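Notes to accompany the following structure.
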Amino acid sequence: MIIWINGAFGSGKTQTAYELCRRMRGAYVYDPENAGCFIRDNLPPGIRTDDFQDYPMWRGFNLDMLSCIAERCPGNVIVPMTLTSRACFEEIIGALSRKHEIRHVILYARKKTILKRLASRLEGRSSWAARQIDRCIADFDRDIPGGKLHTDGLSIRQTVEEVAALAGVTLTPDNRSGARRALDRLLAQYRHIR
């Protein structure tokens, strides 16, 4: 199964994905953003766009890669990635759902909550991610299907448990100490600074 965790930039997708992976045997986190960074970093500046999802090669590569992983990975594949374009959603998630079992969950929060989460990773109100919040929320309200999980006031642990319930997967107990959980989350955040 592929568990796609969608949501505005800064909504907690990556933290949720890695915490979910830690509590599911054999699970694997696939980050489509890595392909986008590669494409962006290897194109001449004059032909780059603000959003690498605009590149057909990004969409095609991630569709092929996720199909390959889903066919060969014995565990669940967890994908933390914002998709707000209905066409992009259909091109990737729609195509994947014709061959694989997919659970799509949108981490949904108020703008104030997302701004606070972005600030915790040192992104201000003028950052690219902060400037996308209104667009993302509007697109999730209007164009993107899927179960919305309202995360205002939920901890990462509660969010993970809710996502697991929506996906119909069983979690293993989390026996880490509070300090270890905090360190794991800090490391996940550090590894995804772009």
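So you can find residues: chains in the structure tokens are A, B, ... in the order shown, residues in each start at 1, and ligands are numbered from 1 in order.
Secondary structure of segment 6-180 of chain A, strand (DSSP E) only (DSSP, backbone atoms): Asn6, Gly7, Tyr28, Val29, Val77, Ile78, Val79, Pro80, Ile102, Arg103, His104, Val105, Ile106, Leu107, Tyr108, Gly147, Lys148, Leu149 and His150 of chain A.
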_Applying 12 Å and only C-alpha atoms, which residues near Ser120 of chain A remain after dropping the ones on its own chain fewer than 5 positions away? List them as a count of residues only._
10
Could you give me, as a PDB file with N, CA, C and O atoms, in the first residue's frame, the residues within 8 Å of segment 91-101 of chain A, counting only C-alpha atoms and dropping anything in the same chain fewer than 4 positions from it?
```pdb
ATOM      1  N   MET A   1       0.834  -1.179   0.000  1.00  0.00           N
ATOM      2  CA  MET A   1       0.000   0.000   0.000  1.00  0.00           C
ATOM      3  C   MET A   1       0.884   1.248   0.000  1.00  0.00           C
ATOM      4  O   MET A   1       1.951   1.274   0.588  1.00  0.00           O
ATOM      5  N   ILE A   2       0.388   2.289  -0.678  1.00  0.00           N
ATOM      6  CA  ILE A   2       1.044   3.593  -0.655  1.00  0.00           C
ATOM      7  C   ILE A   2       0.193   4.510   0.210  1.00  0.00           C
ATOM      8  O   ILE A   2      -1.009   4.636  -0.011  1.00  0.00           O
ATOM      9  N   ARG A  59       6.957  14.663 -12.627  1.00  0.00           N
ATOM     10  CA  ARG A  59       5.752  13.854 -12.425  1.00  0.00           C
ATOM     11  C   ARG A  59       5.958  12.440 -12.957  1.00  0.00           C
ATOM     12  O   ARG A  59       5.625  11.462 -12.286  1.00  0.00           O
ATOM     13  N   GLY A  60       6.524  12.327 -14.150  1.00  0.00           N
ATOM     14  CA  GLY A  60       6.752  11.008 -14.742  1.00  0.00           C
ATOM     15  C   GLY A  60       7.740  10.170 -13.954  1.00  0.00           C
ATOM     16  O   GLY A  60       7.525   8.969 -13.738  1.00  0.00           O
ATOM     17  N   ASN A  62       8.494  10.360 -10.726  1.00  0.00           N
ATOM     18  CA  ASN A  62       7.932   9.920  -9.446  1.00  0.00           C
ATOM     19  C   ASN A  62       6.857   8.862  -9.630  1.00  0.00           C
ATOM     20  O   ASN A  62       6.761   7.936  -8.820  1.00  0.00           O
ATOM     21  N   LEU A  63       6.086   8.959 -10.686  1.00  0.00           N
ATOM     22  CA  LEU A  63       5.104   7.906 -10.977  1.00  0.00           C
ATOM     23  C   LEU A  63       5.817   6.582 -11.217  1.00  0.00           C
ATOM     24  O   LEU A  63       5.460   5.552 -10.623  1.00  0.00           O
ATOM     25  N   LEU A  66       7.597   5.344  -7.879  1.00  0.00           N
ATOM     26  CA  LEU A  66       6.657   4.824  -6.890  1.00  0.00           C
ATOM     27  C   LEU A  66       6.043   3.495  -7.336  1.00  0.00           C
ATOM     28  O   LEU A  66       5.827   2.606  -6.510  1.00  0.00           O
ATOM     29  N   SER A  67       5.783   3.346  -8.617  1.00  0.00           N
ATOM     30  CA  SER A  67       5.279   2.057  -9.120  1.00  0.00           C
ATOM     31  C   SER A  67       6.299   0.958  -8.879  1.00  0.00           C
ATOM     32  O   SER A  67       5.963  -0.137  -8.417  1.00  0.00           O
ATOM     33  N   ALA A  70       6.488   0.249  -5.053  1.00  0.00           N
ATOM     34  CA  ALA A  70       5.277  -0.412  -4.568  1.00  0.00           C
ATOM     35  C   ALA A  70       5.212  -1.870  -5.015  1.00  0.00           C
ATOM     36  O   ALA A  70       4.720  -2.727  -4.286  1.00  0.00           O
ATOM     37  N   ALA A  87      -4.756  18.267 -11.823  1.00  0.00           N
ATOM     38  CA  ALA A  87      -4.147  17.554 -12.951  1.00  0.00           C
ATOM     39  C   ALA A  87      -2.933  16.748 -12.482  1.00  0.00           C
ATOM     40  O   ALA A  87      -2.764  15.584 -12.861  1.00  0.00           O
TER      41      ALA A  87
END
```
*Near segment 132-140 of chain A, counting only C-alpha atoms, which residues have an atom at most 9 Å away, once you skip same-chain residues fewer than 6 positions from it, shown as a PyMOL selection string?*
chain A and resi 7-10+82-86+106+108-111+114-115+146+148
Same residues, N, CA and C atoms, output as a tab-separated table (two decimals), in the first residue's frame:
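again30.tsv was written with the following content:
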```tsv
chain	number	residue	atom	x	y	z
A	7	GLY	N	-0.65	17.91	2.18
A	7	GLY	CA	-0.90	19.03	3.08
A	7	GLY	C	-0.08	20.23	2.65
A	8	ALA	N	-0.41	21.38	3.17
A	8	ALA	CA	0.35	22.59	2.86
A	8	ALA	C	1.80	22.43	3.30
A	9	PHE	N	2.67	23.20	2.70
A	9	PHE	CA	4.07	23.20	3.10
A	9	PHE	C	4.15	23.67	4.54
A	10	GLY	N	4.74	22.87	5.41
A	10	GLY	CA	4.81	23.22	6.82
A	10	GLY	C	3.70	22.59	7.66
A	82	THR	N	3.27	17.52	-0.97
A	82	THR	CA	2.16	18.42	-1.28
A	82	THR	C	1.81	18.31	-2.76
A	83	LEU	N	0.55	18.01	-3.03
A	83	LEU	CA	0.01	18.06	-4.39
A	83	LEU	C	-1.26	18.90	-4.33
A	84	THR	N	-1.27	20.04	-5.00
A	84	THR	CA	-2.45	20.90	-4.97
A	84	THR	C	-3.11	21.03	-6.33
A	85	SER	N	-2.43	20.66	-7.38
A	85	SER	CA	-3.01	20.72	-8.72
A	85	SER	C	-3.80	19.44	-8.98
A	86	ARG	N	-5.06	19.58	-9.38
A	86	ARG	CA	-5.88	18.39	-9.65
A	86	ARG	C	-5.28	17.58	-10.79
A	106	ILE	N	-4.94	14.22	3.74
A	106	ILE	CA	-4.51	15.62	3.72
A	106	ILE	C	-4.39	16.10	5.16
A	108	TYR	N	-4.51	18.89	7.39
A	108	TYR	CA	-5.19	20.16	7.21
A	108	TYR	C	-5.07	20.98	8.50
A	109	ALA	N	-4.73	22.25	8.36
A	109	ALA	CA	-4.60	23.12	9.53
A	109	ALA	C	-4.90	24.55	9.13
A	110	ARG	N	-5.20	25.37	10.12
A	110	ARG	CA	-5.42	26.79	9.86
A	110	ARG	C	-4.09	27.46	9.50
A	111	LYS	N	-4.19	28.57	8.83
A	111	LYS	CA	-2.99	29.32	8.42
A	111	LYS	C	-2.13	29.68	9.62
A	114	ILE	N	-0.07	26.70	10.67
A	114	ILE	CA	1.00	26.39	9.72
A	114	ILE	C	2.13	27.41	9.85
A	115	LEU	N	1.80	28.68	10.00
A	115	LEU	CA	2.83	29.71	10.17
A	115	LEU	C	3.67	29.43	11.43
A	146	GLY	N	-9.89	13.54	-0.91
A	146	GLY	CA	-9.16	12.79	0.11
A	146	GLY	C	-9.62	13.16	1.49
A	148	LYS	N	-9.52	14.60	5.00
A	148	LYS	CA	-8.81	15.70	5.65
A	148	LYS	C	-8.69	15.39	7.13
```
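From atom CA of Ile144 of chain A back to atom CA of Ser126 of chain A, the distance works out to 25.3 Å.
Put simply, atom CA of Asp41 of chain A is 12.8 Å away from atom CA of Trp58 of chain A.
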*Excluding same-chain residues fewer than 6 positions from segment 166-183 of chain A, what lies within 12 Å of it counting only C-alpha atoms, as a PyMOL selection string?*
chain A and resi 1-5+15+18-27+75-78+101-107+146-149+156-157+159-160+189-190
_Every residue of segment 39-149 of chain A that DSSP places in alpha helix (DSSP H), as a PyMOL selection string_ = chain A and resi 39-41+56-72+86-89+95-97+111-120+128-131+133-142
